[in-house]
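J.: Take a look at this one; I'll ask things after.
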Amino acid sequence: MSDSSNPNSHKRPHALVFDSGVGGLSVMREIAVLLPHLRLTYAADNAGFPYGLKAERELVARVSAVVRALVESTTPDIVVIACNTASTTALDAVRQFLTIPVIGVVPAIKPAAAASRTRVIGLLGTRATVASSYTGALIDEFAVGCTVLTHGSPELVEAAERKMQGLPVDAAELAAVVGHLFDQPGGDRLDTVVLGCTHFPLLGAELAAAAPHPVAWMDSGSAIARRVSTILGPIDIHAADNGIPHRAIFTARVPAIERMSLGLTGFGLAEIDFLEI
């Protein structure tokens with residue numbers, strides 16, 4: 001039962017989905033499908049992009065500063081760090097200074113290992129995610145008995161950013177990246193590939209076309225959406241602020257954002273704002 005004396009009781013819950021670039025849109029898409037009445041703000045720290053090439057200390061400081069500023073500006077009910085690199089390095093630091101729920105994204109090693117019939121799985125991510133001790137611990141815990149082939153690719157991150165700007169994706173470049181995974185010993189038996197960067201599902205069709213044989217591609221988007229739903233609980237579909245549109249926030253004003261405007265609209269982001277940090 002809602003409290004009519006509380007002015008916020010009839011407002012839709014508000015989720016802040018955060019990434020260094022456009023990759024977290026793949027997670028936001030799953031959240032929007034599962035929770036169509038949830039208000040969404042998508043924030044991209046394009047001033048700090050890319051995260052996958054930063055040292056851990058630098059990344060923790062940057063993510064902490066940006067998330068703090070975004071939360072103060074947007075007052076969300078929940079934060080989703082929709083970036084594997086940021087989650088595997090800075091999630092604990094962010095949780096220490098926020099009092100609202102914070103959800104991170106981790107590579108889908110566990111479901112991939114459970115689904116694989118050949119017991120050979122692959123992991124595509126940023127170099128930082130692939131090399132992180134957190135990812136190593138996931139593999140040690142959940143991929144026992146599996147051969148895990150890994151490859152860190154900043155090229156795919158850049159390709160996803162270009163695709164969102166309406167620019168062409170270089171099929172030869174993607175084939176070379178995928179080849180680094182499948183050409184490893186055991187690659188001929190590879191049957192499941194984890195997309196360990198939220199940018200990569202935006203290239204799903206292109207990656208499937210580049211693979212030398214069919215495989216299952218797995219990411220964490222739907223699992224994160226279910227977690228958001230569990231934490232927030234039922235959403236009042238008659239909330240008073242249903243007319244407030246979803247919006248995107250960037251931390252730097254660059255020409256690429258104008259090229260992304262059509263793509264952002266396709267994700268339901270009708271407004272673009274800036275919070276320069």
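Here's how to read the names in the structure tokens: chain A, B, ... by the order shown, residue numbers from 1 in each chain, ligand numbers from 1 in the order shown.
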Once you count only C-alpha atoms, what closest atom pair and distance in Å to one decimal does each residue of segment 127-163 of chain A within 8 Å of segment 178-194 of chain A have, with rows by chain and rising residue number, as a tab-separated table?
T.:
```
residue	atom	partner	partner_atom	distance
A:Thr147	CA	A:Gly186	CA	7.8
A:Leu149	CA	A:Leu181	CA	6.5
A:Thr150	CA	A:Leu181	CA	6.4
A:His151	CA	A:Leu181	CA	5.9
```
J.: Pull the strand (DSSP E or B) assignments for segment 101-271 of chain A out of DSSP run on the backbone, and list those residues as a compact mmCIF listing (two decimals) with N, CA and C atoms, in the first residue's frame.
T.:
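Writing done, so here's out.txt:
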```
# COMPACT_ATOMS: atom_id res chain seq x y z
N VAL A 102 23.69 -1.08 -5.43
CA VAL A 102 24.59 -0.99 -6.59
C VAL A 102 24.80 -2.40 -7.13
N ILE A 103 24.49 -2.60 -8.41
CA ILE A 103 24.65 -3.89 -9.06
C ILE A 103 25.79 -3.79 -10.07
N GLY A 104 26.66 -4.79 -10.06
CA GLY A 104 27.74 -4.84 -11.03
C GLY A 104 27.52 -5.94 -12.04
N VAL A 120 34.73 -26.77 -23.60
CA VAL A 120 35.66 -25.73 -24.05
C VAL A 120 34.85 -24.46 -24.24
N ILE A 121 35.16 -23.45 -23.44
CA ILE A 121 34.45 -22.18 -23.54
C ILE A 121 35.44 -21.06 -23.81
N GLY A 122 34.92 -19.97 -24.37
CA GLY A 122 35.77 -18.82 -24.66
C GLY A 122 35.32 -17.60 -23.87
N LEU A 123 36.24 -16.68 -23.67
CA LEU A 123 35.94 -15.41 -23.02
C LEU A 123 36.55 -14.28 -23.83
N LEU A 124 35.67 -13.43 -24.38
CA LEU A 124 36.10 -12.20 -25.03
C LEU A 124 35.79 -11.05 -24.08
N GLY A 125 36.77 -10.21 -23.80
CA GLY A 125 36.55 -9.07 -22.93
C GLY A 125 37.56 -7.99 -23.22
N THR A 147 38.14 -26.20 -20.37
CA THR A 147 39.22 -25.42 -20.96
C THR A 147 38.65 -24.05 -21.28
N VAL A 148 39.29 -22.99 -20.77
CA VAL A 148 38.79 -21.64 -20.99
C VAL A 148 39.80 -20.87 -21.84
N LEU A 149 39.39 -20.52 -23.05
CA LEU A 149 40.22 -19.75 -23.96
C LEU A 149 39.84 -18.28 -23.81
N THR A 150 40.82 -17.39 -23.69
CA THR A 150 40.52 -15.98 -23.46
C THR A 150 41.23 -15.10 -24.47
N HIS A 151 40.62 -13.95 -24.71
CA HIS A 151 41.26 -12.93 -25.55
C HIS A 151 40.73 -11.55 -25.15
N GLY A 152 41.65 -10.62 -24.92
CA GLY A 152 41.29 -9.25 -24.60
C GLY A 152 41.34 -8.37 -25.83
N THR A 192 30.89 -22.41 -26.73
CA THR A 192 30.21 -21.35 -25.99
C THR A 192 31.20 -20.22 -25.76
N VAL A 193 30.79 -18.99 -26.09
CA VAL A 193 31.67 -17.84 -25.90
C VAL A 193 30.98 -16.82 -25.01
N VAL A 194 31.68 -16.42 -23.95
CA VAL A 194 31.19 -15.39 -23.04
C VAL A 194 31.61 -14.02 -23.57
N LEU A 195 30.63 -13.14 -23.72
CA LEU A 195 30.92 -11.76 -24.10
C LEU A 195 31.12 -10.98 -22.81
N ALA A 216 27.38 -20.78 -29.08
CA ALA A 216 26.43 -20.01 -28.27
C ALA A 216 27.17 -18.80 -27.69
N TRP A 217 26.54 -17.64 -27.79
CA TRP A 217 27.13 -16.41 -27.26
C TRP A 217 26.37 -16.02 -26.00
N MET A 218 27.08 -15.78 -24.91
CA MET A 218 26.42 -15.50 -23.64
C MET A 218 26.91 -14.18 -23.06
N HIS A 246 13.13 8.66 -20.66
CA HIS A 246 14.48 8.19 -20.38
C HIS A 246 15.47 9.19 -20.98
N ARG A 247 16.66 9.25 -20.41
CA ARG A 247 17.64 10.18 -20.96
C ARG A 247 19.04 9.62 -20.87
N ALA A 248 19.92 10.18 -21.66
CA ALA A 248 21.34 9.82 -21.66
C ALA A 248 22.15 11.00 -21.15
N ILE A 249 23.20 10.69 -20.41
CA ILE A 249 24.12 11.71 -19.91
C ILE A 249 25.53 11.32 -20.33
N PHE A 250 26.26 12.28 -20.85
CA PHE A 250 27.66 12.09 -21.21
C PHE A 250 28.53 13.04 -20.41
N LEU A 269 16.09 6.55 -25.49
CA LEU A 269 16.71 7.68 -24.80
C LEU A 269 16.39 8.95 -25.59
N ALA A 270 15.35 9.64 -25.14
CA ALA A 270 14.82 10.76 -25.90
C ALA A 270 15.54 12.08 -25.61
N GLU A 271 16.28 12.15 -24.52
CA GLU A 271 16.99 13.36 -24.15
C GLU A 271 18.48 13.08 -23.98
```
J.: From the list A:Leu207, A:Ile81, A:Ser64, A:Gly24, which residue is nearest Gln96 of chain A when using only C-alpha atoms?
T.: A:Ser64
J.: Pick out the residues sitting within 7 Å of segment 156-168 of chain A, and hand them over as a list in words; count only C-alpha atoms, and ignore anything fewer than 6 positions along from it in its own chain.
T.: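 Non-adjacent residues within range: Val22, His199, Phe200, Leu202, Leu203, Ala256, Arg259, Met260 and Gly263 of chain A.
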J.: Step one, run DSSP on the backbone; step two, keep only residues of segment 19-215 of chain A assigned to helix (DSSP H, G or I); then write them as an MDAnalysis selection string.
T.: chainID A and resid 25:34 56:74 84:97 109:115 127:131 133:142 154:164 171:182 187:189 200:210
J.: Kindly export the residues of the current selection with C-alpha atoms, as a CSV table (one decimal), in the first residue's frame.
T.:
```
chain,number,residue,atom,x,y,z
A,25,LEU,CA,23.1,0.0,-23.6
A,26,SER,CA,23.1,-3.8,-24.1
A,27,VAL,CA,22.3,-4.2,-20.4
A,28,MET,CA,19.8,-1.3,-20.3
A,29,ARG,CA,17.9,-2.8,-23.2
A,30,GLU,CA,17.4,-6.0,-21.2
A,31,ILE,CA,16.3,-4.0,-18.1
A,32,ALA,CA,13.8,-1.9,-20.2
A,33,VAL,CA,12.3,-5.1,-21.7
A,34,LEU,CA,11.8,-6.7,-18.3
A,56,GLU,CA,43.4,-0.3,-11.5
A,57,ARG,CA,44.1,2.6,-9.1
A,58,GLU,CA,43.3,5.1,-11.8
A,59,LEU,CA,40.1,3.3,-12.7
A,60,VAL,CA,38.8,3.0,-9.2
A,61,ALA,CA,39.4,6.7,-8.6
A,62,ARG,CA,37.7,7.7,-11.9
A,63,VAL,CA,34.7,5.5,-11.5
A,64,SER,CA,34.2,6.5,-7.9
A,65,ALA,CA,34.3,10.2,-8.8
A,66,VAL,CA,32.0,10.0,-11.7
A,67,VAL,CA,29.4,7.7,-10.1
A,68,ARG,CA,29.3,10.0,-7.0
A,69,ALA,CA,28.6,13.0,-9.2
A,70,LEU,CA,26.0,11.2,-11.3
A,71,VAL,CA,24.1,10.0,-8.2
A,72,GLU,CA,24.1,13.5,-6.7
A,73,SER,CA,22.8,14.9,-9.9
A,74,THR,CA,20.2,12.3,-10.8
A,84,ASN,CA,32.6,-5.5,-16.7
A,85,THR,CA,35.9,-3.7,-16.3
A,86,ALA,CA,34.6,-1.1,-13.9
A,87,SER,CA,32.6,-3.8,-12.0
A,88,THR,CA,35.6,-6.1,-11.5
A,89,THR,CA,37.8,-3.3,-10.2
A,90,ALA,CA,35.7,-0.5,-8.6
A,91,LEU,CA,32.4,-2.1,-7.5
A,92,ASP,CA,33.4,-2.5,-3.9
A,93,ALA,CA,34.7,1.1,-3.7
A,94,VAL,CA,31.4,2.5,-5.1
A,95,ARG,CA,29.4,0.4,-2.6
A,96,GLN,CA,31.3,1.9,0.3
A,97,PHE,CA,30.1,5.5,-0.3
A,109,ILE,CA,31.4,-17.8,-16.8
A,110,LYS,CA,29.1,-19.9,-14.6
A,111,PRO,CA,26.2,-20.3,-17.1
A,112,ALA,CA,28.6,-20.8,-20.0
A,113,ALA,CA,30.4,-23.6,-18.2
A,114,ALA,CA,27.1,-25.2,-17.3
A,115,ALA,CA,25.9,-25.0,-20.9
A,127,ARG,CA,42.3,-6.7,-21.6
A,128,ALA,CA,41.7,-5.5,-18.0
A,129,THR,CA,38.7,-7.8,-17.5
A,130,VAL,CA,40.4,-10.9,-19.0
A,131,ALA,CA,43.5,-10.3,-16.9
A,133,SER,CA,42.0,-11.6,-10.5
A,134,TYR,CA,38.2,-11.4,-10.2
A,135,THR,CA,37.7,-13.1,-13.6
A,136,GLY,CA,40.4,-15.6,-12.7
A,137,ALA,CA,38.5,-16.5,-9.5
A,138,LEU,CA,35.3,-16.9,-11.5
A,139,ILE,CA,37.0,-19.3,-13.8
A,140,ASP,CA,38.6,-21.3,-10.9
A,141,GLU,CA,35.2,-21.6,-9.1
A,142,PHE,CA,32.7,-22.1,-11.9
A,154,PRO,CA,40.0,-3.1,-27.2
A,155,GLU,CA,39.2,-3.3,-31.0
A,156,LEU,CA,35.7,-4.6,-30.4
A,157,VAL,CA,35.0,-1.8,-27.9
A,158,GLU,CA,35.9,0.7,-30.5
A,159,ALA,CA,33.9,-1.1,-33.2
A,160,ALA,CA,30.8,-1.1,-31.0
A,161,GLU,CA,31.2,2.7,-30.5
A,162,ARG,CA,31.5,3.2,-34.2
A,163,LYS,CA,28.4,1.1,-34.9
A,164,MET,CA,26.4,3.3,-32.5
A,171,ALA,CA,34.4,-7.2,-40.9
A,172,ALA,CA,38.1,-8.2,-41.4
A,173,GLU,CA,39.0,-6.6,-38.1
A,174,LEU,CA,36.3,-8.5,-36.3
A,175,ALA,CA,37.3,-11.8,-38.0
A,176,ALA,CA,40.9,-11.2,-36.8
A,177,VAL,CA,39.8,-10.7,-33.2
A,178,VAL,CA,37.6,-13.8,-33.3
A,179,GLY,CA,40.4,-15.7,-34.9
A,180,HIS,CA,42.6,-15.0,-31.9
A,181,LEU,CA,40.1,-16.9,-29.8
A,182,PHE,CA,39.3,-19.8,-32.1
A,187,GLY,CA,39.4,-23.7,-30.5
A,188,ASP,CA,38.0,-26.3,-32.9
A,189,ARG,CA,35.9,-27.7,-30.0
A,200,PHE,CA,30.2,-6.8,-27.4
A,201,PRO,CA,26.5,-7.8,-27.5
A,202,LEU,CA,26.0,-4.7,-29.6
A,203,LEU,CA,28.1,-6.6,-32.2
A,204,GLY,CA,26.2,-9.9,-31.9
A,205,ALA,CA,25.4,-10.4,-35.5
A,206,GLU,CA,28.8,-9.4,-36.7
A,207,LEU,CA,30.6,-11.7,-34.2
A,208,ALA,CA,28.4,-14.6,-35.2
A,209,ALA,CA,29.2,-14.0,-38.9
A,210,ALA,CA,32.9,-13.9,-38.1
```
J.: How many Å separate atom CA of Asp219 of chain A from atom CA of Phe18 of chain A?
T.: 16.7 Å
